[in-house]
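Source file: start_0.cif (mmCIF, C-alpha atoms)
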```cif
data_structure
loop_
_atom_site.label_atom_id
_atom_site.label_comp_id
_atom_site.auth_asym_id
_atom_site.auth_seq_id
_atom_site.Cartn_x
_atom_site.Cartn_y
_atom_site.Cartn_z
CA MET A 1 0.29 4.04 6.21
CA ASN A 2 -1.32 5.45 9.31
CA ALA A 3 0.34 5.47 12.71
CA SER A 4 -1.88 2.70 13.99
CA ASP A 5 -0.89 0.33 11.15
CA ARG A 6 2.76 1.17 11.68
CA GLN A 7 2.52 0.32 15.35
CA VAL A 8 0.70 -2.94 14.59
CA VAL A 9 3.32 -3.98 12.05
CA ARG A 10 6.05 -3.19 14.59
CA ASP A 11 4.28 -5.32 17.20
CA VAL A 12 3.87 -8.24 14.79
CA ARG A 13 7.53 -8.07 13.83
CA ARG A 14 8.42 -8.25 17.50
CA GLY A 15 6.53 -11.51 17.78
CA ASP A 16 3.06 -10.39 18.81
CA ARG A 17 1.15 -12.55 16.37
CA ASP A 18 -2.25 -11.55 17.70
CA ALA A 19 -1.62 -7.95 16.63
CA PHE A 20 -1.89 -9.14 13.04
CA GLY A 21 -5.59 -9.74 13.70
CA HIS A 22 -6.05 -5.99 13.79
CA LEU A 23 -4.73 -5.66 10.23
CA VAL A 24 -6.95 -8.51 9.07
CA GLN A 25 -10.01 -6.86 10.60
CA THR A 26 -9.13 -3.52 9.05
CA TYR A 27 -8.49 -4.66 5.50
CA GLN A 28 -10.50 -7.85 5.01
CA GLY A 29 -13.47 -6.01 3.48
CA ARG A 30 -11.45 -4.11 0.89
CA LEU A 31 -9.26 -7.08 0.06
CA PHE A 32 -12.12 -9.55 -0.24
CA GLY A 33 -13.98 -7.11 -2.52
CA LEU A 34 -10.93 -6.73 -4.75
CA VAL A 35 -10.27 -10.45 -4.98
CA LEU A 36 -13.93 -11.25 -5.54
CA MET A 37 -13.99 -8.82 -8.44
CA MET A 38 -10.95 -10.56 -9.90
CA VAL A 39 -11.90 -14.22 -9.50
CA ARG A 40 -15.70 -13.71 -9.50
CA GLU A 41 -16.35 -16.73 -7.34
CA PRO A 42 -17.07 -16.33 -3.61
CA ALA A 43 -15.34 -19.54 -2.51
CA GLY A 44 -12.28 -18.76 -4.61
CA ALA A 45 -12.22 -15.20 -3.34
CA GLU A 46 -12.24 -16.38 0.26
CA GLU A 47 -9.42 -18.83 -0.42
CA VAL A 48 -7.28 -16.20 -2.16
CA THR A 49 -7.98 -13.55 0.50
CA GLN A 50 -6.93 -15.94 3.24
CA ASP A 51 -3.80 -16.88 1.31
CA ALA A 52 -2.96 -13.21 0.82
CA PHE A 53 -3.15 -12.43 4.52
CA VAL A 54 -1.11 -15.50 5.43
CA ARG A 55 1.49 -14.62 2.78
CA ALA A 56 1.61 -11.05 4.09
CA TYR A 57 2.21 -12.36 7.60
CA THR A 58 4.98 -14.74 6.61
CA HIS A 59 6.65 -12.13 4.39
CA LEU A 60 6.21 -9.15 6.67
CA ASP A 61 9.99 -8.67 6.75
CA HIS A 62 9.80 -7.75 3.03
CA TYR A 63 7.34 -4.95 3.70
CA GLU A 64 8.83 -1.45 3.70
CA ALA A 65 7.28 0.34 6.66
CA HIS A 66 7.46 3.81 5.09
CA ARG A 67 4.99 2.78 2.38
CA PRO A 68 1.24 2.42 2.90
CA PHE A 69 0.27 -1.07 4.00
CA TYR A 70 -2.79 -1.70 1.83
CA PRO A 71 -1.11 -1.37 -1.61
CA TRP A 72 1.52 -3.90 -0.50
CA LEU A 73 -1.19 -6.26 0.71
CA ALA A 74 -3.20 -5.70 -2.48
CA SER A 75 -0.17 -6.51 -4.64
CA ILE A 76 0.12 -9.89 -2.92
CA ALA A 77 -3.59 -10.52 -3.41
CA VAL A 78 -3.48 -9.54 -7.09
CA ARG A 79 -0.63 -11.98 -7.79
CA LEU A 80 -2.40 -14.77 -5.92
CA ALA A 81 -5.66 -14.06 -7.72
CA GLN A 82 -3.85 -14.16 -11.07
CA ASN A 83 -2.37 -17.54 -10.08
CA TRP A 84 -5.81 -18.74 -9.02
CA LEU A 85 -7.31 -17.73 -12.37
CA ARG A 86 -4.48 -19.51 -14.17
CA ARG A 87 -4.95 -22.66 -12.11
CA HIS A 88 -8.66 -22.65 -12.80
CA GLY A 89 -8.24 -22.15 -16.52
CA ARG A 90 -9.69 -18.67 -16.56
CA VAL A 91 -7.67 -15.70 -17.76
CA VAL A 92 -4.29 -17.02 -18.78
CA ARG A 93 -3.04 -13.85 -20.36
CA ARG A 94 -1.06 -11.44 -18.28
CA GLU A 95 -2.68 -8.13 -17.43
CA GLY A 96 -1.67 -5.57 -19.99
CA THR A 97 -0.29 -7.88 -22.67
CA SER A 98 -3.75 -8.44 -24.06
CA LEU A 99 -6.42 -5.87 -23.51
CA GLU A 100 -9.13 -7.47 -25.61
CA SER A 101 -12.58 -7.91 -24.15
CA ALA A 102 -12.62 -11.62 -24.74
CA PRO A 103 -15.22 -13.45 -22.66
CA GLU A 104 -13.74 -15.48 -19.85
CA PRO A 105 -14.81 -19.11 -19.62
CA GLY A 106 -16.52 -19.97 -16.38
CA ALA A 107 -17.27 -16.37 -15.48
CA THR A 108 -20.13 -16.22 -13.02
CA ALA A 109 -20.72 -12.49 -12.71
CA GLY A 110 -24.47 -12.94 -12.66
CA ALA A 111 -24.40 -15.21 -9.62
CA LEU A 112 -22.37 -12.66 -7.70
CA THR A 113 -24.93 -9.93 -8.19
CA ALA A 114 -27.05 -11.52 -5.50
CA LEU A 115 -24.32 -10.62 -2.99
CA ILE A 116 -24.87 -6.92 -3.64
CA VAL A 117 -27.38 -5.68 -1.13
CA HIS A 118 -28.03 -2.30 -2.73
CA GLU A 119 -30.44 -2.69 -5.60
CA ARG A 120 -29.34 0.59 -7.19
CA SER A 121 -25.73 -0.53 -7.42
CA ARG A 122 -26.40 -3.87 -9.04
CA GLY A 123 -26.38 -2.52 -12.59
CA LEU A 124 -23.01 -0.87 -12.15
CA TRP A 125 -21.64 -3.84 -10.28
CA GLN A 126 -22.71 -6.17 -13.08
CA ALA A 127 -21.14 -3.85 -15.63
CA VAL A 128 -17.84 -3.79 -13.72
CA ALA A 129 -17.90 -7.54 -13.17
CA ALA A 130 -18.38 -8.05 -16.91
CA LEU A 131 -15.21 -6.11 -17.78
CA PRO A 132 -12.08 -7.99 -18.86
CA SER A 133 -9.89 -9.06 -15.97
CA GLY A 134 -7.27 -6.31 -16.23
CA GLU A 135 -9.82 -3.53 -16.54
CA ARG A 136 -11.80 -4.87 -13.59
CA THR A 137 -8.73 -4.95 -11.38
CA ALA A 138 -7.63 -1.47 -12.40
CA VAL A 139 -11.11 0.00 -11.82
CA ILE A 140 -11.47 -1.47 -8.33
CA LEU A 141 -7.97 -0.46 -7.26
CA TYR A 142 -8.25 3.06 -8.71
CA TYR A 143 -11.80 4.03 -7.86
CA ARG A 144 -12.90 1.82 -4.98
CA ASP A 145 -9.57 1.46 -3.19
CA GLU A 146 -8.38 4.94 -4.24
CA MET A 147 -4.87 3.75 -5.02
CA ALA A 148 -2.52 5.88 -7.13
CA VAL A 149 -1.81 4.74 -10.69
CA ARG A 150 1.85 4.20 -9.74
CA ASP A 151 0.88 1.90 -6.85
CA ILE A 152 -1.57 -0.02 -9.02
CA ALA A 153 1.12 -0.54 -11.65
CA ARG A 154 3.48 -1.87 -9.01
CA ALA A 155 0.79 -4.17 -7.60
CA VAL A 156 -0.21 -5.60 -10.98
CA GLY A 157 3.35 -5.72 -12.30
CA VAL A 158 2.87 -3.52 -15.37
CA THR A 159 3.75 0.06 -16.38
CA THR A 160 1.73 3.12 -15.37
CA GLY A 161 0.93 3.61 -19.06
CA THR A 162 -0.72 0.20 -19.16
CA ILE A 163 -2.85 1.02 -16.13
CA LYS A 164 -3.94 4.30 -17.73
CA THR A 165 -4.89 2.41 -20.88
CA LEU A 166 -6.83 -0.17 -18.84
CA LEU A 167 -8.70 2.59 -17.00
CA PHE A 168 -9.42 4.41 -20.27
CA ARG A 169 -10.86 1.27 -21.84
CA ALA A 170 -12.76 0.37 -18.71
CA ARG A 171 -14.45 3.78 -18.60
CA ARG A 172 -15.36 3.52 -22.26
CA HIS A 173 -16.75 0.00 -21.84
CA LEU A 174 -18.72 0.99 -18.76
CA ARG A 175 -20.13 4.09 -20.41
CA GLU A 176 -21.21 2.10 -23.46
CA ARG A 177 -22.62 -0.74 -21.39
CA LEU A 178 -24.54 1.51 -19.02
CA ASN A 179 -25.79 3.57 -21.97
CA SER A 180 -27.14 0.49 -23.68
CA VAL A 181 -28.81 -0.66 -20.43
CA THR A 182 -30.47 2.75 -20.04
CA THR A 183 -31.63 2.71 -23.65
CA THR A 184 -33.04 -0.82 -23.29
CA ASN A 185 -34.89 0.14 -20.10
CA GLU A 186 -36.38 3.23 -21.77
CA GLU A 187 -37.55 1.16 -24.76
CA THR A 188 -39.10 -1.45 -22.45
CA SER A 189 -40.99 1.12 -20.40
CA SER A 190 -42.37 3.02 -23.42
CA MET B 1 -12.08 19.86 -32.08
CA THR B 2 -13.96 16.71 -33.09
CA CYS B 3 -16.46 14.67 -31.06
CA THR B 4 -14.18 11.62 -31.30
CA HIS B 5 -11.35 13.53 -29.67
CA VAL B 6 -13.58 14.97 -26.94
CA LEU B 7 -15.11 11.57 -26.20
CA GLY B 8 -11.58 10.20 -25.86
CA LEU B 9 -10.77 12.90 -23.33
CA ILE B 10 -13.97 12.13 -21.45
CA ASP B 11 -13.04 8.47 -21.25
CA ALA B 12 -9.54 9.34 -20.09
CA GLY B 13 -11.15 11.26 -17.23
CA PRO B 14 -8.71 12.49 -14.59
CA LEU B 15 -5.81 10.81 -16.40
CA ALA B 16 -6.11 12.94 -19.55
CA ASP B 17 -2.61 14.32 -20.05
CA TYR B 18 -3.32 17.58 -21.90
CA PRO B 19 -2.75 21.29 -21.16
CA ARG B 20 -5.43 23.03 -19.12
CA ALA B 21 -6.49 25.25 -22.04
CA HIS B 22 -6.96 22.22 -24.30
CA LEU B 23 -9.15 20.49 -21.72
CA ASP B 24 -11.19 23.66 -21.15
CA ALA B 25 -11.85 23.88 -24.90
CA ALA B 26 -12.91 20.23 -24.91
CA TRP B 27 -15.37 20.71 -22.02
CA GLN B 28 -16.67 23.85 -23.73
CA HIS B 29 -17.34 21.74 -26.83
CA ALA B 30 -19.02 19.05 -24.71
CA ARG B 31 -21.41 21.54 -23.12
CA GLN B 32 -22.63 22.65 -26.54
CA CYS B 33 -22.65 19.24 -28.25
CA ALA B 34 -25.66 16.91 -28.26
CA THR B 35 -23.39 13.85 -28.42
CA CYS B 36 -20.56 14.80 -26.06
CA GLY B 37 -22.71 16.59 -23.45
CA PRO B 38 -24.55 13.50 -22.22
CA ALA B 39 -21.32 11.50 -22.43
CA LEU B 40 -19.57 14.01 -20.16
CA GLU B 41 -22.43 13.93 -17.67
CA ALA B 42 -22.49 10.13 -17.71
CA ALA B 43 -18.71 9.96 -17.20
CA THR B 44 -18.82 12.36 -14.26
CA SER B 45 -21.61 10.38 -12.67
CA LEU B 46 -19.77 7.12 -13.40
CA SER B 47 -16.65 8.24 -11.53
CA ALA B 48 -18.71 9.14 -8.46
CA ASP B 49 -20.64 5.86 -8.61
CA LEU B 50 -17.47 3.79 -8.97
CA THR B 51 -15.87 5.49 -5.98
CA ALA B 52 -18.94 4.63 -3.90
CA LEU B 53 -19.39 1.16 -5.39
CA PRO B 54 -20.45 -1.14 -2.56
CA LEU B 55 -18.64 -4.44 -2.48
CA PRO B 56 -19.95 -7.62 -0.88
CA ALA B 57 -19.16 -8.11 2.78
CA PRO B 58 -16.42 -10.65 3.52
CA PRO B 59 -17.40 -14.01 5.02
CA PRO B 60 -17.96 -13.58 8.78
CA ASN B 61 -15.32 -16.16 9.71
CA LEU B 62 -12.60 -14.84 7.39
CA ALA B 63 -10.49 -13.16 10.07
CA ALA B 64 -10.74 -16.16 12.40
CA ALA B 65 -9.75 -18.53 9.59
CA VAL B 66 -6.71 -16.42 8.73
CA LEU B 67 -5.53 -16.28 12.33
CA ALA B 68 -6.08 -20.03 12.72
CA ARG B 69 -3.92 -20.69 9.68
CA ILE B 70 -1.20 -18.40 11.00
CA ALA B 71 -1.31 -20.23 14.32
CA GLN B 72 -0.73 -23.52 12.49
CA ILE B 73 2.26 -22.10 10.65
CA GLU B 74 3.97 -20.77 13.73
CA PRO B 75 3.12 -22.34 17.10
CA SER B 76 2.25 -19.76 19.70
CA ARG B 77 5.15 -18.49 21.75
CA PRO B 78 4.85 -18.62 25.53
CA VAL B 79 3.86 -15.32 27.12
CA VAL B 80 7.18 -15.19 28.99
CA ALA B 81 9.11 -15.50 25.75
CA LEU B 82 7.04 -12.74 24.22
CA ALA B 83 7.63 -10.47 27.21
CA GLU B 84 11.34 -11.25 27.02
CA THR B 85 11.35 -10.31 23.36
CA LYS B 86 9.68 -7.01 24.14
CA ALA B 87 12.13 -6.31 26.98
CA THR B 88 15.07 -7.09 24.72
CA SER B 89 13.68 -4.88 22.00
CA GLY B 90 13.35 -2.12 24.60
CA THR B 91 17.05 -2.50 25.38
CA ARG B 92 17.84 -2.32 21.70
CA ASP B 93 15.78 0.85 21.31
CA TRP B 94 17.68 2.45 24.19
CA SER B 95 21.06 1.46 22.84
CA VAL B 96 20.25 2.83 19.39
CA TRP B 97 20.31 6.41 20.59
CA ALA B 98 22.76 6.00 23.49
CA THR B 99 25.80 5.32 21.32
CA PRO B 100 25.53 8.31 18.95
CA LEU B 101 24.41 10.63 21.74
CA GLY B 102 27.28 9.59 24.01
CA GLY B 103 29.78 9.82 21.18
CA LEU B 104 28.55 13.25 20.16
CA ALA B 105 28.60 14.55 23.73
CA ALA B 106 32.12 13.20 24.28
CA ALA B 107 33.38 14.77 21.07
CA LEU B 108 31.82 18.11 21.92
CA ALA B 109 33.17 18.03 25.46
CA PHE B 110 36.62 17.23 24.16
CA LEU B 111 36.60 20.04 21.61
CA LEU B 112 35.10 22.66 23.91
CA SER B 113 37.52 21.82 26.69
CA MET B 114 40.48 22.99 24.63
CA PRO B 115 41.55 26.61 24.48
CA PRO B 116 41.06 28.20 21.02
CA GLY B 117 44.81 28.16 20.41
CA HIS B 118 44.88 24.41 20.53
CA TRP B 119 42.15 24.19 17.88
CA VAL B 120 44.45 26.09 15.59
CA SER B 121 47.38 23.92 16.47
CA ILE B 122 45.38 20.75 15.77
CA GLY B 123 44.25 22.04 12.40
CA ILE B 124 47.40 23.71 11.19
CA ALA B 125 50.31 21.96 12.82
CA PRO B 126 49.40 18.55 14.18
CA ARG B 127 53.09 17.73 14.32
CA LEU B 128 53.37 20.19 17.18
CA GLY B 129 51.26 17.90 19.29
CA GLY B 130 48.06 19.97 19.45
CA LEU B 131 45.89 16.95 20.17
CA THR B 132 48.14 15.79 22.97
CA ALA B 133 48.26 19.28 24.35
CA GLY B 134 44.49 19.42 24.32
CA LEU B 135 44.24 16.22 26.30
CA VAL B 136 46.69 17.52 28.83
CA THR B 137 45.01 20.87 29.33
CA MET B 138 41.45 19.54 29.24
CA PRO B 139 41.09 18.51 32.91
CA SER B 140 41.45 22.14 33.90
CA THR B 141 38.10 22.95 32.30
CA THR B 142 34.57 22.16 33.42
CA TRP B 143 33.93 20.33 30.16
CA ALA B 144 36.01 17.48 31.45
CA PHE B 145 33.15 16.60 33.79
CA VAL B 146 30.88 16.06 30.78
CA LEU B 147 33.37 13.88 28.96
CA GLY B 148 33.35 11.08 31.53
CA PRO B 149 29.58 10.42 31.60
CA ALA B 150 29.41 10.84 27.82
CA LEU B 151 32.05 8.16 27.30
CA VAL B 152 30.20 5.86 29.72
CA LEU B 153 26.97 6.41 27.75
CA TYR B 154 28.79 5.72 24.50
CA VAL B 155 30.30 2.45 25.74
CA ALA B 156 27.01 1.36 27.37
CA GLY B 157 25.22 1.96 24.09
CA LEU B 158 27.78 -0.12 22.23
CA PHE B 159 27.25 -3.10 24.53
CA GLY B 160 23.50 -2.59 24.96
CA PRO B 161 22.44 -5.07 22.24
CA PHE B 162 24.38 -7.85 23.95
CA ARG B 163 22.36 -7.62 27.15
CA GLY B 164 19.82 -10.43 27.35
CA GLY B 165 22.10 -12.81 25.48
CA ARG B 166 20.97 -11.94 21.92
CA ARG B 167 21.67 -9.39 19.30
CA SER B 168 19.17 -8.23 16.73
#
```
Using structure tokens, write down the structure from this file.
Amino acid sequence: MNASDRQVVRDVRRGDRDAFGHLVQTYQGRLFGLVLMMVREPAGAEEVTQDAFVRAYTHLDHYEAHRPFYPWLASIAVRLAQNWLRRHGRVVRREGTSLESAPEPGATAGALTALIVHERSRGLWQAVAALPSGERTAVILYYRDEMAVRDIARAVGVTTGTIKTLLFRARRHLRERLNSVTTTNEETSS
Amino acid sequence: MTCTHVLGLIDAGPLADYPRAHLDAAWQHARQCATCGPALEAATSLSADLTALPLPAPPPNLAAAVLARIAQIEPSRPVVALAETKATSGTRDWSVWATPLGGLAAALAFLLSMPPGHWVSIGIAPRLGGLTAGLVTMPSTTWAFVLGPALVLYVAGLFGPFRGGRRS
């Protein structure tokens, strides 16, 4: 946690509610991206992201100030996103107890691709969005949010070994998927 | 070393838990293998692309919506109350270091005020009244002038949290 975040958290704990706005501004992009990747529905992602910030505010006394702020915030968001998926009949299984690539009912990864501005990144984004829930979450937290495996395990509520397995499978799936896309494109162009 | 094993190491990426020499042999294999070579290149590129993966921008009103919800949960405190809270917390901060500092200074002043002989008498033969003797002889030293303010600081620190009518 940087000094600025520490100061903001101290101010919020002393009753300066407006200071929390600084944390929201700082982390809303990362958190929304993470949640969107998990629930794959913009409206749901916004709802969960809001809930996560509100939960973080009301439970700020549980936050240990010597730890970085974002992993704590992300752990709240991951739990809320898992609840959201459960409520909406999506992935019922707990991350790590089933690592199969079963298709998720109601997944709308294709519709989300339109939100990606960079044309070049759409293929990769689609490939990540098509991963099973646990792998998706692990990939975003590890690569995009640059969280340590230990912190990801704490956030998701599984062991570090499970996270390593999820990342291993995610990389394999992505490599295979992107390979097949490249092969298909080459065949189409020739 | 088989291609299956090397491909597994490639997929494990930075999390591959093998000795350095083993990994070097695997990468050596990959560089010379028509199957593993492209896989290694693709995996390296994949890691870089994932790190730079752009995510959609959050809705423009997200922060405002969060703050509005927080405002509903907890009605805004008056500015005066907030200032009072900050002032009280300032008092608490001051008292946190005043008590140990005052106590430490008082203890040091007390010990340094005594002649070396009394230290021995306190340690070896307390029954001889070394501590009492130290107290009696102390005013003759300059350290006694430190002891008074240090005790005041110590006591002030103890009662600091009670100023302002609340204790954290």
Mind dumping a table of every chain A residue within 7 Å of chain B, with the nearest atom pair and its distance in Å to one decimal, using all atoms listed in the file, sorted by chain and rising number, as JSON lines?
```
{"residue": "A:Arg14", "atom": "CA", "partner": "B:Thr85", "partner_atom": "CA", "distance": 6.9}
{"residue": "A:Gly15", "atom": "CA", "partner": "B:Leu82", "partner_atom": "CA", "distance": 6.6}
{"residue": "A:Gly21", "atom": "CA", "partner": "B:Leu67", "partner_atom": "CA", "distance": 6.7}
{"residue": "A:Val24", "atom": "CA", "partner": "B:Ala63", "partner_atom": "CA", "distance": 5.9}
{"residue": "A:Gln25", "atom": "CA", "partner": "B:Ala63", "partner_atom": "CA", "distance": 6.3}
{"residue": "A:Gln28", "atom": "CA", "partner": "B:Pro58", "partner_atom": "CA", "distance": 6.7}
{"residue": "A:Gly29", "atom": "CA", "partner": "B:Pro58", "partner_atom": "CA", "distance": 5.5}
{"residue": "A:Phe32", "atom": "CA", "partner": "B:Pro58", "partner_atom": "CA", "distance": 5.8}
{"residue": "A:Gly33", "atom": "CA", "partner": "B:Leu55", "partner_atom": "CA", "distance": 5.4}
{"residue": "A:Gln50", "atom": "CA", "partner": "B:Val66", "partner_atom": "CA", "distance": 5.5}
{"residue": "A:Phe53", "atom": "CA", "partner": "B:Val66", "partner_atom": "CA", "distance": 6.8}
{"residue": "A:Val54", "atom": "CA", "partner": "B:Ile70", "partner_atom": "CA", "distance": 6.3}
{"residue": "A:Leu115", "atom": "CA", "partner": "B:Pro56", "partner_atom": "CA", "distance": 5.7}
{"residue": "A:Ile116", "atom": "CA", "partner": "B:Pro56", "partner_atom": "CA", "distance": 5.7}
{"residue": "A:Ser121", "atom": "CA", "partner": "B:Leu53", "partner_atom": "CA", "distance": 6.9}
{"residue": "A:Tyr143", "atom": "CA", "partner": "B:Thr51", "partner_atom": "CA", "distance": 4.7}
{"residue": "A:Arg144", "atom": "CA", "partner": "B:Thr51", "partner_atom": "CA", "distance": 4.8}
{"residue": "A:Lys164", "atom": "CA", "partner": "B:Leu15", "partner_atom": "CA", "distance": 6.9}
{"residue": "A:Phe168", "atom": "CA", "partner": "B:Ala12", "partner_atom": "CA", "distance": 4.9}
{"residue": "A:Arg171", "atom": "CA", "partner": "B:Asp11", "partner_atom": "CA", "distance": 5.6}
{"residue": "A:Arg172", "atom": "CA", "partner": "B:Asp11", "partner_atom": "CA", "distance": 5.6}
{"residue": "A:Arg175", "atom": "CA", "partner": "B:Ala43", "partner_atom": "CA", "distance": 6.8}
```
Worksheet item: Using only C-alpha atoms, can you list as a count of residues only the residues within 8 Å of (1.4, -13.4, -3.6)?
Response: 9
Practice prompt. Name the residues that the PyMOL selection byres ((chain A and resi 150-157) around 8) picks from the file above, as an MDAnalysis selection string, using the file's chain letters and numbers.
Written response: chainID A and resid 71:72 74:76 78:79 95 138 141:142 147:149 158:160 162:163
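The space separating atom CA of B:Trp143 from atom CA of B:Leu101 comes to 16.0 Å.
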Who sits within 9 Å of A:Ala127, only C-alpha atoms, same chain under 4 positions skipped, as JSON, numbers by chain: {"A": [122, 123, 131, 173, 174, 177, 178]}
Which residues, written as a tab-separated table (two decimals) with C-alpha atoms, in the coordinates of the input, have at least one atom at most 9 Å from B:Leu147, with only C-alpha atoms counted and residues fewer than 3 positions away on the same chain left out?
```tsv
chain	number	residue	atom	x	y	z
B	102	GLY	CA	27.28	9.59	24.01
B	105	ALA	CA	28.60	14.55	23.73
B	106	ALA	CA	32.12	13.20	24.28
B	107	ALA	CA	33.38	14.77	21.07
B	108	LEU	CA	31.82	18.11	21.92
B	109	ALA	CA	33.17	18.03	25.46
B	110	PHE	CA	36.62	17.23	24.16
B	143	TRP	CA	33.93	20.33	30.16
B	144	ALA	CA	36.01	17.48	31.45
B	150	ALA	CA	29.41	10.84	27.82
B	151	LEU	CA	32.05	8.16	27.30
B	152	VAL	CA	30.20	5.86	29.72
```
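Atom pair atom CA of A:Trp84 / atom CA of A:Pro132: separated by 15.9 Å.
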**Request:** Please write as a ChimeraX atom specification the full residue list that the PyMOL selection byres ((chain A and resi 23) around 12) yields on this file.
**Result:** /A:1-2,4-12,17-22,24-31,53-54,56-57,69-70,73 /B:63,66-67
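Of the listed residues B:Leu112, B:Val146, B:Leu23, B:Ala156, the one whose atoms come nearest to B:Thr99 is B:Ala156, with distances taken using only C-alpha atoms.
Computed from the coordinates, the atom CA of A:Glu135 to atom CA of B:Ala25 distance equals 28.7 Å.
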